[in-house]
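Undergrad: Okay, so here is model19.txt, and as you'll see once you scroll down, it has compact mmCIF, C-alpha atoms.
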# COMPACT_ATOMS: atom_id res chain seq x y z
CA MET O 291 0.00 0.00 0.00
CA ARG O 292 1.04 3.61 -0.42
CA LEU O 293 -0.13 7.06 0.61
CA VAL O 294 -1.73 9.06 -2.19
CA ASN O 295 -2.91 12.66 -2.08
CA THR O 296 -6.67 12.57 -2.57
CA HIS O 297 -6.38 14.85 -5.60
CA PHE O 298 -4.15 12.24 -7.28
CA VAL O 299 -6.26 9.17 -6.43
CA LYS O 300 -7.50 7.52 -9.62
CA GLU O 301 -11.06 6.29 -9.99
CA GLY O 302 -11.10 2.53 -9.44
CA SER O 303 -8.23 2.55 -6.93
CA VAL O 304 -8.71 0.16 -4.00
CA LEU O 305 -8.51 1.40 -0.41
CA ALA O 306 -5.84 -0.37 1.62
CA ARG O 307 -7.02 1.15 4.92
CA PRO O 308 -10.47 2.31 6.00
CA VAL O 309 -11.55 5.97 6.05
CA ILE O 310 -12.85 6.92 9.49
CA ASN O 311 -15.08 9.87 10.44
CA SER O 312 -14.93 12.13 13.51
CA SER O 313 -16.93 9.65 15.58
CA GLY O 314 -14.56 6.80 14.91
CA LYS O 315 -16.99 5.16 12.52
CA ILE O 316 -15.80 3.67 9.25
CA LEU O 317 -16.99 5.66 6.22
CA LEU O 318 -15.32 3.44 3.64
CA GLN O 319 -13.90 0.02 4.47
CA SER O 320 -10.57 -1.26 3.21
CA GLY O 321 -11.00 -3.13 -0.07
CA VAL O 322 -13.53 -0.64 -1.42
CA ARG O 323 -12.93 0.50 -5.01
CA VAL O 324 -13.29 4.29 -4.98
CA THR O 325 -15.50 6.10 -7.45
CA ALA O 326 -15.22 9.67 -8.73
CA LEU O 327 -18.09 10.60 -6.39
CA TYR O 328 -16.31 9.11 -3.38
CA ILE O 329 -13.15 11.06 -4.22
CA GLU O 330 -15.09 14.31 -4.65
CA ARG O 331 -16.88 13.83 -1.31
CA LEU O 332 -13.69 12.95 0.58
CA ILE O 333 -11.93 16.05 -0.76
CA ALA O 334 -14.89 18.18 0.33
CA MET O 335 -14.73 16.62 3.81
CA GLY O 336 -11.06 17.50 4.15
CA TYR O 337 -9.37 14.12 3.62
CA ASP O 338 -5.93 14.93 2.22
CA VAL O 339 -4.51 11.43 1.72
CA LEU O 340 -5.69 7.84 1.35
CA PHE O 341 -3.90 4.51 1.66
CA ILE O 342 -4.21 2.84 -1.73
CA GLU O 343 -3.36 -0.75 -2.65
CA ASP O 344 -0.40 -1.17 -5.01
CA ASP O 345 0.74 -4.62 -6.14
CA ARG O 346 4.29 -3.28 -6.52
CA LEU O 347 4.33 -2.95 -2.72
CA ASP O 348 2.49 -6.17 -1.84
CA ASP O 349 5.45 -7.47 0.14
CA VAL O 350 5.54 -4.36 2.33
CA GLU O 351 3.65 -4.65 5.62
CA LEU O 352 2.28 -1.47 7.17
CA PHE O 353 0.81 -2.11 10.60
CA ALA O 354 -1.77 0.13 12.27
CA THR O 355 -0.45 1.87 15.39
CA ILE O 356 -3.67 1.24 17.31
CA SER O 357 -6.59 -0.92 16.25
CA GLU O 358 -9.76 0.47 14.67
CA LYS O 359 -11.68 -0.78 17.72
CA THR O 360 -9.39 1.07 20.14
CA ARG O 361 -9.68 4.27 18.11
CA GLU O 362 -13.47 4.04 18.08
CA VAL O 363 -13.55 3.48 21.85
CA ALA O 364 -11.31 6.53 22.29
CA TYR O 365 -13.66 8.71 20.23
CA LYS O 366 -16.66 7.57 22.24
CA THR O 367 -14.84 8.22 25.50
CA ILE O 368 -14.01 11.83 24.62
CA GLN O 369 -17.53 12.40 23.30
CA ASN O 370 -19.09 11.06 26.50
CA ILE O 371 -16.96 13.29 28.69
CA SER O 372 -17.66 16.29 26.45
CA LYS O 373 -21.40 15.69 26.81
CA TYR O 374 -21.07 15.49 30.62
CA ILE O 375 -19.35 18.86 30.69
CA GLU O 376 -21.69 20.52 28.18
CA CYS O 377 -24.71 19.37 30.20
CA ASN O 378 -23.19 20.82 33.39
CA THR O 379 -23.84 17.54 35.15
CA GLU O 380 -22.84 17.37 38.79
CA LYS O 381 -21.84 13.74 38.47
CA SER O 382 -18.20 12.70 38.36
CA LEU O 383 -16.68 12.33 34.92
CA PRO O 384 -16.78 8.78 33.50
CA VAL O 385 -13.09 8.26 34.23
CA SER O 386 -13.30 4.47 33.93
CA GLY O 387 -13.74 4.92 30.18
CA VAL O 388 -10.59 7.05 29.97
CA ARG O 389 -8.61 4.48 31.95
CA LEU O 390 -9.82 1.60 29.76
CA THR O 391 -9.06 3.55 26.56
CA ILE O 392 -5.48 4.33 27.62
CA LYS O 393 -4.87 0.72 28.67
CA GLU O 394 -6.01 -0.44 25.23
CA MET O 395 -3.82 2.15 23.52
CA ILE O 396 -0.80 1.07 25.55
CA ASN O 397 -1.45 -2.60 24.78
CA ASP O 398 -1.78 -1.86 21.06
CA LEU O 399 1.43 0.20 20.99
CA LEU O 400 3.45 -2.33 22.96
CA SER O 401 2.33 -5.13 20.64
CA SER O 402 2.81 -3.10 17.45
CA LYS O 403 5.43 -4.43 15.05
CA ASP O 404 6.26 -0.98 13.70
CA ILE O 405 5.39 1.95 15.98
CA LEU O 406 7.92 4.19 14.29
CA GLY O 407 6.51 4.11 10.78
CA ASN O 408 2.75 4.16 11.25
CA LEU O 409 1.57 7.30 13.00
CA THR O 410 -0.23 8.52 9.88
CA ASP O 411 -3.99 8.82 10.39
CA ILE O 412 -6.49 9.40 7.59
CA GLN O 413 -8.75 12.21 8.73
CA GLY O 414 -10.77 15.20 7.63
CA TYR O 415 -11.24 18.38 9.60
CA ASP O 416 -14.58 17.85 11.31
CA ASN O 417 -14.42 17.57 15.12
CA TYR O 418 -10.72 18.37 15.03
CA THR O 419 -10.39 18.39 18.83
CA PHE O 420 -11.34 14.70 19.06
CA HIS O 421 -8.88 13.69 16.32
CA HIS O 422 -6.17 15.84 17.86
CA SER O 423 -6.61 14.48 21.39
CA ILE O 424 -6.39 10.86 20.26
CA ASN O 425 -3.45 11.30 17.89
CA THR O 426 -1.55 13.45 20.39
CA THR O 427 -2.03 10.71 22.99
CA ILE O 428 -0.62 8.07 20.63
CA ILE O 429 2.48 10.18 19.92
CA ALA O 430 2.92 11.04 23.61
CA LEU O 431 2.65 7.39 24.63
CA VAL O 432 5.30 6.48 22.05
CA LEU O 433 7.58 9.03 23.75
CA GLY O 434 6.60 7.71 27.19
CA ILE O 435 7.43 4.15 26.18
CA ALA O 436 10.75 5.36 24.75
CA SER O 437 11.44 7.13 28.05
CA GLY O 438 11.02 3.87 29.94
CA TYR O 439 7.79 4.67 31.76
CA ASN O 440 6.28 1.69 33.58
CA ASP O 441 2.63 0.71 33.10
CA GLN O 442 1.39 2.93 35.92
CA ARG O 443 3.21 6.02 34.67
CA LEU O 444 2.07 5.37 31.09
CA LEU O 445 -1.53 5.12 32.32
CA GLU O 446 -1.30 8.31 34.37
CA PHE O 447 0.45 10.15 31.54
CA GLY O 448 -1.89 8.88 28.82
CA MET O 449 -5.04 9.78 30.77
CA GLY O 450 -3.82 13.34 31.13
CA VAL O 451 -2.83 13.69 27.47
CA LEU O 452 -6.15 12.31 26.21
CA MET O 453 -7.89 15.04 28.24
CA HIS O 454 -5.30 17.78 27.62
CA ASP O 455 -7.64 19.91 25.48
CA ILE O 456 -10.87 19.17 27.34
CA GLY O 457 -11.01 22.82 28.44
CA LYS O 458 -11.78 23.79 24.83
CA ILE O 459 -15.30 22.49 25.40
CA MET O 460 -15.95 25.79 27.20
CA ILE O 461 -14.69 27.97 24.34
CA PRO O 462 -17.08 29.06 21.55
CA GLU O 463 -16.66 27.02 18.36
CA CYS O 464 -16.63 30.21 16.29
CA VAL O 465 -13.39 31.16 18.04
CA LEU O 466 -11.82 27.69 17.91
CA ASN O 467 -12.45 27.31 14.17
CA LYS O 468 -12.03 30.90 13.06
CA LYS O 469 -10.49 31.07 9.56
CA THR O 470 -9.02 34.56 9.95
CA PRO O 471 -6.39 35.70 12.50
CA LEU O 472 -7.58 35.84 16.10
CA THR O 473 -8.00 39.18 17.83
CA ASP O 474 -6.14 39.72 21.12
CA GLU O 475 -9.40 39.12 22.98
CA GLU O 476 -10.05 35.86 21.10
CA PHE O 477 -6.53 34.61 21.77
CA MET O 478 -7.00 35.33 25.47
CA GLU O 479 -10.17 33.22 25.29
CA ILE O 480 -8.26 30.36 23.63
CA LYS O 481 -5.59 30.50 26.34
CA LYS O 482 -8.23 29.82 28.98
CA HIS O 483 -8.51 26.19 27.81
CA THR O 484 -5.47 25.27 29.92
CA THR O 485 -6.91 26.54 33.20
CA ASN O 486 -10.42 25.37 32.28
CA GLY O 487 -9.13 21.85 31.65
CA PHE O 488 -7.10 21.78 34.83
CA GLU O 489 -10.10 22.83 36.92
CA ILE O 490 -12.31 20.19 35.31
CA LEU O 491 -9.83 17.37 35.90
CA ARG O 492 -8.52 18.26 39.34
CA LYS O 493 -12.04 18.12 40.81
CA ASN O 494 -12.23 14.44 39.91
CA ASN O 495 -10.38 12.25 42.39
CA ASP O 496 -9.98 9.49 39.80
CA PHE O 497 -7.62 11.76 37.85
CA SER O 498 -4.25 12.19 39.52
CA LEU O 499 -3.12 15.76 40.05
CA LEU O 500 -0.20 15.08 37.68
CA SER O 501 -2.64 13.98 34.96
CA ALA O 502 -4.57 17.22 35.48
CA HIS O 503 -1.36 19.24 35.21
CA ILE O 504 -0.91 18.08 31.61
CA ALA O 505 -3.99 20.14 30.68
CA PHE O 506 -2.52 23.00 32.73
CA GLN O 507 1.03 22.91 31.37
CA HIS O 508 1.03 21.62 27.78
CA GLN O 509 1.25 25.19 26.43
CA GLU O 510 4.22 26.15 28.62
CA LYS O 511 7.57 26.53 26.83
CA TRP O 512 11.10 25.57 27.85
CA ASN O 513 12.27 29.22 27.65
CA GLY O 514 9.38 30.55 29.75
CA SER O 515 7.44 32.20 26.91
CA GLY O 516 4.41 29.91 27.15
CA TYR O 517 1.16 30.13 29.08
CA PRO O 518 -0.76 30.23 31.41
CA ARG O 519 1.99 30.81 34.02
CA GLY O 520 5.16 31.35 32.01
CA LEU O 521 6.93 28.41 33.63
CA LYS O 522 10.49 27.74 32.53
CA GLY O 523 12.66 24.62 32.12
CA THR O 524 12.10 21.96 34.76
CA GLU O 525 9.50 24.13 36.49
CA ILE O 526 7.27 22.43 33.92
CA HIS O 527 6.57 18.82 34.91
CA GLU O 528 8.06 16.22 32.57
CA TYR O 529 4.54 15.12 31.56
CA GLY O 530 3.78 18.67 30.42
CA ARG O 531 7.10 18.97 28.54
CA MET O 532 6.55 15.67 26.75
CA ALA O 533 2.90 16.42 25.95
CA ALA O 534 3.92 19.79 24.49
CA VAL O 535 6.09 18.13 21.83
CA ALA O 536 3.36 15.64 20.88
CA ASP O 537 0.71 18.40 20.86
CA VAL O 538 2.59 20.69 18.45
CA TYR O 539 3.72 17.90 16.12
CA GLU O 540 0.18 16.53 15.81
CA ALA O 541 -1.32 20.00 15.34
CA LEU O 542 1.11 20.80 12.52
CA THR O 543 0.50 17.53 10.66
CA SER O 544 -3.30 17.82 10.85
CA ARG O 545 -5.51 19.75 8.47
CA ARG O 546 -7.61 22.54 9.90
CA VAL O 547 -10.47 24.50 8.37
CA TYR O 548 -8.13 27.50 8.08
CA ARG O 549 -4.94 25.82 6.78
CA LYS O 550 -3.49 22.74 5.11
CA ALA O 551 -1.61 20.05 6.99
CA VAL O 552 2.19 20.30 7.12
CA GLU O 553 4.10 17.28 5.80
CA PRO O 554 5.54 15.11 8.63
CA ASN O 555 9.15 15.83 7.59
CA GLU O 556 8.52 19.59 7.69
CA ALA O 557 6.82 19.32 11.10
CA TYR O 558 9.73 17.17 12.31
CA GLU O 559 12.26 19.80 11.25
CA PHE O 560 10.23 22.57 12.91
CA ILE O 561 10.06 20.66 16.19
CA ILE O 562 13.80 19.90 16.23
CA ALA O 563 14.59 23.56 15.52
CA GLN O 564 12.81 24.54 18.76
CA ALA O 565 15.27 22.76 21.09
CA ASN O 566 16.13 24.96 24.10
CA SER O 567 13.42 27.48 23.16
CA HIS O 568 10.00 25.82 23.05
CA PHE O 569 10.95 22.26 23.98
CA ASP O 570 13.12 20.29 26.40
CA PRO O 571 16.18 19.15 24.39
CA ARG O 572 16.29 15.80 26.20
CA ILE O 573 12.75 14.99 25.10
CA LEU O 574 13.60 16.05 21.55
CA GLU O 575 16.34 13.41 21.54
CA LEU O 576 13.63 10.81 22.19
CA PHE O 577 11.47 12.41 19.52
CA LYS O 578 14.27 12.22 16.92
CA LYS O 579 14.80 8.51 17.57
CA HIS O 580 11.19 7.34 17.77
CA ILE O 581 9.09 9.46 15.38
CA ALA O 582 9.48 8.76 11.67
CA VAL O 583 10.54 11.69 9.52
CA TYR O 584 8.97 9.99 6.50
CA PRO O 585 6.09 7.65 7.53
CA SER O 586 5.91 4.28 5.80
CA GLY O 587 3.96 4.45 2.55
CA SER O 588 4.92 8.08 1.90
CA GLY O 589 5.74 9.05 -1.68
CA ILE O 590 9.23 10.55 -1.99
CA LEU O 591 11.45 12.25 -4.56
CA LEU O 592 15.18 11.49 -4.34
CA SER O 593 18.11 13.76 -5.17
CA ASN O 594 18.98 11.49 -8.13
CA GLY O 595 15.60 12.29 -9.73
CA GLN O 596 13.97 8.95 -8.88
CA ARG O 597 10.51 8.67 -7.32
CA GLY O 598 9.01 5.98 -5.15
CA ASN O 599 7.77 5.18 -1.65
CA VAL O 600 9.06 4.58 1.85
CA VAL O 601 8.74 0.86 2.58
CA LYS O 602 10.42 0.46 5.97
CA GLN O 603 11.98 2.52 8.75
CA ASN O 604 15.57 2.52 9.96
CA SER O 605 15.31 2.56 13.75
CA LEU O 606 18.85 3.96 14.11
CA PHE O 607 18.44 6.49 11.28
CA PRO O 608 14.83 7.77 11.21
CA ASN O 609 15.64 10.26 8.43
CA ARG O 610 17.18 7.52 6.22
CA PRO O 611 14.44 4.94 5.62
CA TYR O 612 14.29 2.04 3.18
CA VAL O 613 12.65 3.14 -0.08
CA ARG O 614 11.51 1.54 -3.32
CA VAL O 615 11.63 3.63 -6.49
CA PHE O 616 9.54 3.11 -9.61
CA TYR O 617 10.25 6.18 -11.74
CA GLN O 618 13.19 8.15 -13.10
CA GLY O 619 11.53 11.52 -13.38
CA GLU O 620 8.22 10.76 -15.09
CA GLU O 621 9.47 7.62 -16.85
CA GLU O 622 8.65 4.27 -15.24
CA LEU O 623 11.66 2.02 -14.57
CA SER O 624 11.71 -1.47 -16.10
CA GLU O 625 12.30 -2.87 -12.59
CA PRO O 626 11.82 -1.21 -9.17
CA ILE O 627 14.98 -0.41 -7.20
CA ASP O 628 15.23 -0.82 -3.42
CA TYR O 629 17.54 1.43 -1.40
CA ASN O 630 18.53 1.44 2.25
CA LEU O 631 19.27 5.15 2.41
CA ALA O 632 21.47 4.58 5.45
CA ASP O 633 23.87 2.85 3.06
CA CYS O 634 23.55 5.52 0.35
CA PRO O 635 24.95 8.77 1.78
CA SER O 636 24.98 10.45 -1.63
CA ILE O 637 21.20 10.00 -2.10
CA MET O 638 18.83 12.29 -0.20
CA ILE O 639 15.07 12.63 0.03
CA ILE O 640 14.40 16.11 -1.30
CA ALA O 641 10.58 16.17 -1.34
CA VAL O 642 7.44 14.31 -0.31
CA GLU O 643 5.18 13.60 -3.29
CA ASN O 644 2.15 11.47 -2.48
CA ARG O 645 0.97 10.78 -6.03
Give the structure from this file in structure tokens form.
TA:
Amino acid sequence: MRLVNTHFVKEGSVLARPVINSSGKILLQSGVRVTALYIERLIAMGYDVLFIEDDRLDDVELFATISEKTREVAYKTIQNISKYIECNTEKSLPVSGVRLTIKEMINDLLSSKDILGNLTDIQGYDNYTFHHSINTTIIALVLGIASGYNDQRLLEFGMGVLMHDIGKIMIPECVLNKKTPLTDEEFMEIKKHTTNGFEILRKNNDFSLLSAHIAFQHQEKWNGSGYPRGLKGTEIHEYGRMAAVADVYEALTSRRVYRKAVEPNEAYEFIIAQANSHFDPRILELFKKHIAVYPSGSGILLSNGQRGNVVKQNSLFPNRPYVRVFYQGEEELSEPIDYNLADCPSIMIIAVENR
């Protein structure tokens, strides 16, 4: 399978992975042959890329990071908690659902055969907050696992990250999804989501205070320029520092109603450039080793003019994956060529081209 920009998907192509909506429900199952109408509708709904079957890559296995069932449970969990808050119920939040969701995520990640290469999620831009919370949690848990967290710390950390943006429930949607630049007053309203979320979570005894502090601190920055309190360096709890990296990376690589998604390699470079300013440099070392610069299935253009796809990750060299090329420029090669870019220092990936 390979990633294809929706605008380049050809009618009759077969989906290699399902397309899921904002509620975690499957819109189109894997194996479906897409029609022109399907493609038109998916573009309108904000789906930028699709996983398409390609017999030239049949021997390449791309494993889902978490199962479809776990993702659907996660959506339902966030929706249930959102409804509790919106209804101003006096009852405690349904924390058992959050705990179960994070346990399932951890189990899926620990049993995954290829965490590094498969963080790509097919999504549109409806209910962005739900998508963002789940995908940020997956990335954060990958970093937590890499940091050596035990099961209890992973659970505590994951529960806080899944709820890190829950305070946005109290902010008007017209502000959250505004297509034009925010006014100073609107940005002040956005900033309240950190304190709102902290207050919601800390009142529930089933959330640890450290879990609640992830909502409070995920917008703080290593150099003290963040909010809400302008904390600096290790004044920010490690959970908050780690969640901040996952939060920004996921936000950059997701499409919003007011901007296109940034390619993973561009988001990766942006994150790394913020060492010692926005982010803890120690955590960025984990990020560099455990988040793929070019996710498996991505279309790439090489410095020698050849085009193809990433087929496998190099765990020791995340920016030098295994690739398979099919074209020299626009001309198809008589036989595909496989490269381990770690063994080819003179060949560089110069662009991502999902076509």
Undergrad: Mind listing whatever residues come within 10 Å of the point (13.3, 18.9, 18.4)? Use all atoms listed in the file, file coordinates, and give them as a list in words.
TA: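 Here is the list of nearby residues: Val535, Tyr539, Ala557, Tyr558, Glu559, Phe560, Ile561, Ile562, Ala563, Gln564, Ala565, Asn566, Ser567, His568, Phe569, Asp570, Pro571, Arg572, Ile573, Leu574, Glu575, Leu576, Phe577 and Lys578 of chain O.
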Undergrad: Could you jot down the atom CA of O:Arg545 to atom CA of O:Arg614 separation for me, Å, one decimal place?
TA: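 A separation of 27.6 Å between them.
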Undergrad: Calculated over only C-alpha atoms, which of the candidates O:Ile526, O:Leu400, O:Leu592, O:Ile392 has the smallest distance to O:Gly619?
TA: O:Leu592
Undergrad: Compile the contact shell of O:Leu305 as an MDAnalysis selection string: residues with an atom at most 9 Å away, counting all atoms listed in the file, same-chain residues fewer than 5 positions apart removed.
TA: chainID O and resid 291 318:324 340:343
Undergrad: For O:Lys469, please output as an MDAnalysis selection string all residues within 12 Å (counting all atoms listed in the file; exclusion window: fewer than 3 positions along the same chain).
TA: chainID O and resid 463:466 472:473 546:550
Undergrad: List the neighbours of O:Ser382 out to 9 Å using all atoms listed in the file; skip same-chain residues closer than 4 positions along the sequence, and give me the result as an NGL selection string.
TA: :O and (374 or 493-496)
Undergrad: What lies within 12 Å of O:Leu383 using all atoms listed in the file, ignoring chain neighbours under 5 positions off, as a count of residues only?
TA: 24
Undergrad: Please identify all polymer residues lying at most 8 Å from the point (-0.4, 9.6, 3.6) (file coordinates), using all atoms listed in the file, and present the result as a list in words.
TA: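 Result, sorted by chain then residue number: Arg292, Leu293, Val294, Asn295, Asp338, Val339, Leu340, Phe341, Thr410, Asp411, Ile412, Pro585, Gly587, Ser588 and Asn644 of chain O.
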Undergrad: Just write the chosen residues, C-alpha atoms, as a CSV table (one decimal), in the coordinates of the input.
TA:
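Final file, selection.csv:
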chain,number,residue,atom,x,y,z
O,292,ARG,CA,1.0,3.6,-0.4
O,293,LEU,CA,-0.1,7.1,0.6
O,294,VAL,CA,-1.7,9.1,-2.2
O,295,ASN,CA,-2.9,12.7,-2.1
O,338,ASP,CA,-5.9,14.9,2.2
O,339,VAL,CA,-4.5,11.4,1.7
O,340,LEU,CA,-5.7,7.8,1.4
O,341,PHE,CA,-3.9,4.5,1.7
O,410,THR,CA,-0.2,8.5,9.9
O,411,ASP,CA,-4.0,8.8,10.4
O,412,ILE,CA,-6.5,9.4,7.6
O,585,PRO,CA,6.1,7.6,7.5
O,587,GLY,CA,4.0,4.4,2.6
O,588,SER,CA,4.9,8.1,1.9
O,644,ASN,CA,2.2,11.5,-2.5
Undergrad: Let me know the centre plus edge lengths, in Å and rounded to one decimal, of a box with edges along x, y and z that contains all listed atoms of stretch 606-622 of chain O and is padded by 6 Å on every side, as JSON.
TA:
{"center_x": 13.5, "center_y": 6.5, "center_z": -1.4, "size_x": 22.6, "size_y": 22.0, "size_z": 43.0}
Undergrad: Identify which of the residues O:Gln618, O:Thr524, O:Asn440, O:Asn555 lies closest to O:Ala641, counting only C-alpha atoms when measuring atom-to-atom distances.
TA: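 Between O:Gln618, O:Thr524, O:Asn440, O:Asn555, the residue approaching O:Ala641 most closely is O:Asn555.
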Undergrad: Near O:Ile590, within 6 Å and counting all atoms listed in the file, which residues show up once chain neighbours fewer than 2 positions away are dropped, as a list in words?
TA: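 Result of the neighbour search: Arg597, Gly598, Asn599, Ala641, Val642 and Glu643 of chain O.
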Undergrad: May I ask for the distance between atom CA of O:Phe298 and atom CA of O:Leu542, given in Å to one decimal place?
TA: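 According to the coordinates, atom CA of O:Phe298 and atom CA of O:Leu542 are separated by 22.2 Å.
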Undergrad: Since the input lacks atoms, please generate N, CA, C and O atoms for stretch 613-633 of chain O and provide them as a CSV table (one decimal), in the frame of the given file.
TA:
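Heads up, here's the output in result-v9.csv:
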chain,number,residue,atom,x,y,z
O,613,VAL,N,13.6,2.7,0.9
O,613,VAL,CA,12.6,3.1,-0.1
O,613,VAL,C,12.7,2.2,-1.3
O,613,VAL,O,13.6,1.5,-1.5
O,614,ARG,N,11.6,2.3,-2.0
O,614,ARG,CA,11.5,1.5,-3.3
O,614,ARG,C,11.1,2.5,-4.4
O,614,ARG,O,10.1,3.2,-4.2
O,615,VAL,N,11.9,2.6,-5.4
O,615,VAL,CA,11.6,3.6,-6.5
O,615,VAL,C,11.1,2.9,-7.7
O,615,VAL,O,11.5,1.8,-8.1
O,616,PHE,N,10.2,3.6,-8.4
O,616,PHE,CA,9.5,3.1,-9.6
O,616,PHE,C,9.7,4.0,-10.8
O,616,PHE,O,9.5,3.6,-12.0
O,617,TYR,N,10.2,5.2,-10.6
O,617,TYR,CA,10.2,6.2,-11.7
O,617,TYR,C,11.6,6.9,-11.7
O,617,TYR,O,12.1,7.2,-10.7
O,618,GLN,N,12.1,7.2,-12.9
O,618,GLN,CA,13.2,8.2,-13.1
O,618,GLN,C,12.5,9.4,-13.7
O,618,GLN,O,12.2,9.4,-14.9
O,619,GLY,N,12.4,10.4,-12.9
O,619,GLY,CA,11.5,11.5,-13.4
O,619,GLY,C,10.1,11.0,-13.6
O,619,GLY,O,9.5,10.5,-12.7
O,620,GLU,N,9.6,11.2,-14.8
O,620,GLU,CA,8.2,10.8,-15.1
O,620,GLU,C,8.2,9.4,-15.8
O,620,GLU,O,7.1,8.9,-16.1
O,621,GLU,N,9.4,8.9,-16.1
O,621,GLU,CA,9.5,7.6,-16.8
O,621,GLU,C,9.5,6.4,-15.9
O,621,GLU,O,10.4,6.4,-15.0
O,622,GLU,N,8.7,5.4,-16.1
O,622,GLU,CA,8.6,4.3,-15.2
O,622,GLU,C,9.9,3.4,-15.5
O,622,GLU,O,10.2,3.1,-16.7
O,623,LEU,N,10.5,2.9,-14.4
O,623,LEU,CA,11.7,2.0,-14.6
O,623,LEU,C,11.2,0.6,-15.0
O,623,LEU,O,10.1,0.2,-14.7
O,624,SER,N,12.1,-0.1,-15.7
O,624,SER,CA,11.7,-1.5,-16.1
O,624,SER,C,11.6,-2.4,-14.9
O,624,SER,O,10.8,-3.3,-14.9
O,625,GLU,N,12.4,-2.1,-13.8
O,625,GLU,CA,12.3,-2.9,-12.6
O,625,GLU,C,12.4,-1.9,-11.4
O,625,GLU,O,13.3,-1.0,-11.5
O,626,PRO,N,11.6,-2.1,-10.3
O,626,PRO,CA,11.8,-1.2,-9.2
O,626,PRO,C,13.2,-1.4,-8.6
O,626,PRO,O,13.8,-2.4,-8.7
O,627,ILE,N,13.7,-0.4,-7.9
O,627,ILE,CA,15.0,-0.4,-7.2
O,627,ILE,C,14.8,-0.1,-5.7
O,627,ILE,O,14.1,0.8,-5.4
O,628,ASP,N,15.3,-1.0,-4.9
O,628,ASP,CA,15.2,-0.8,-3.4
O,628,ASP,C,16.5,-0.2,-2.9
O,628,ASP,O,17.6,-0.6,-3.3
O,629,TYR,N,16.4,0.8,-2.0
O,629,TYR,CA,17.5,1.4,-1.4
O,629,TYR,C,17.4,1.4,0.1
O,629,TYR,O,16.3,1.7,0.6
O,630,ASN,N,18.4,1.1,0.8
O,630,ASN,CA,18.5,1.4,2.2
O,630,ASN,C,19.3,2.7,2.3
O,630,ASN,O,20.5,2.8,2.1
O,631,LEU,N,18.6,3.8,2.5
O,631,LEU,CA,19.3,5.2,2.4
O,631,LEU,C,20.4,5.3,3.4
O,631,LEU,O,21.3,6.2,3.2
O,632,ALA,N,20.4,4.5,4.5
O,632,ALA,CA,21.5,4.6,5.4
O,632,ALA,C,22.8,4.1,4.8
O,632,ALA,O,23.9,4.5,5.3
O,633,ASP,N,22.7,3.3,3.8
O,633,ASP,CA,23.9,2.8,3.1
O,633,ASP,C,24.2,3.7,1.8
O,633,ASP,O,25.1,3.3,1.1
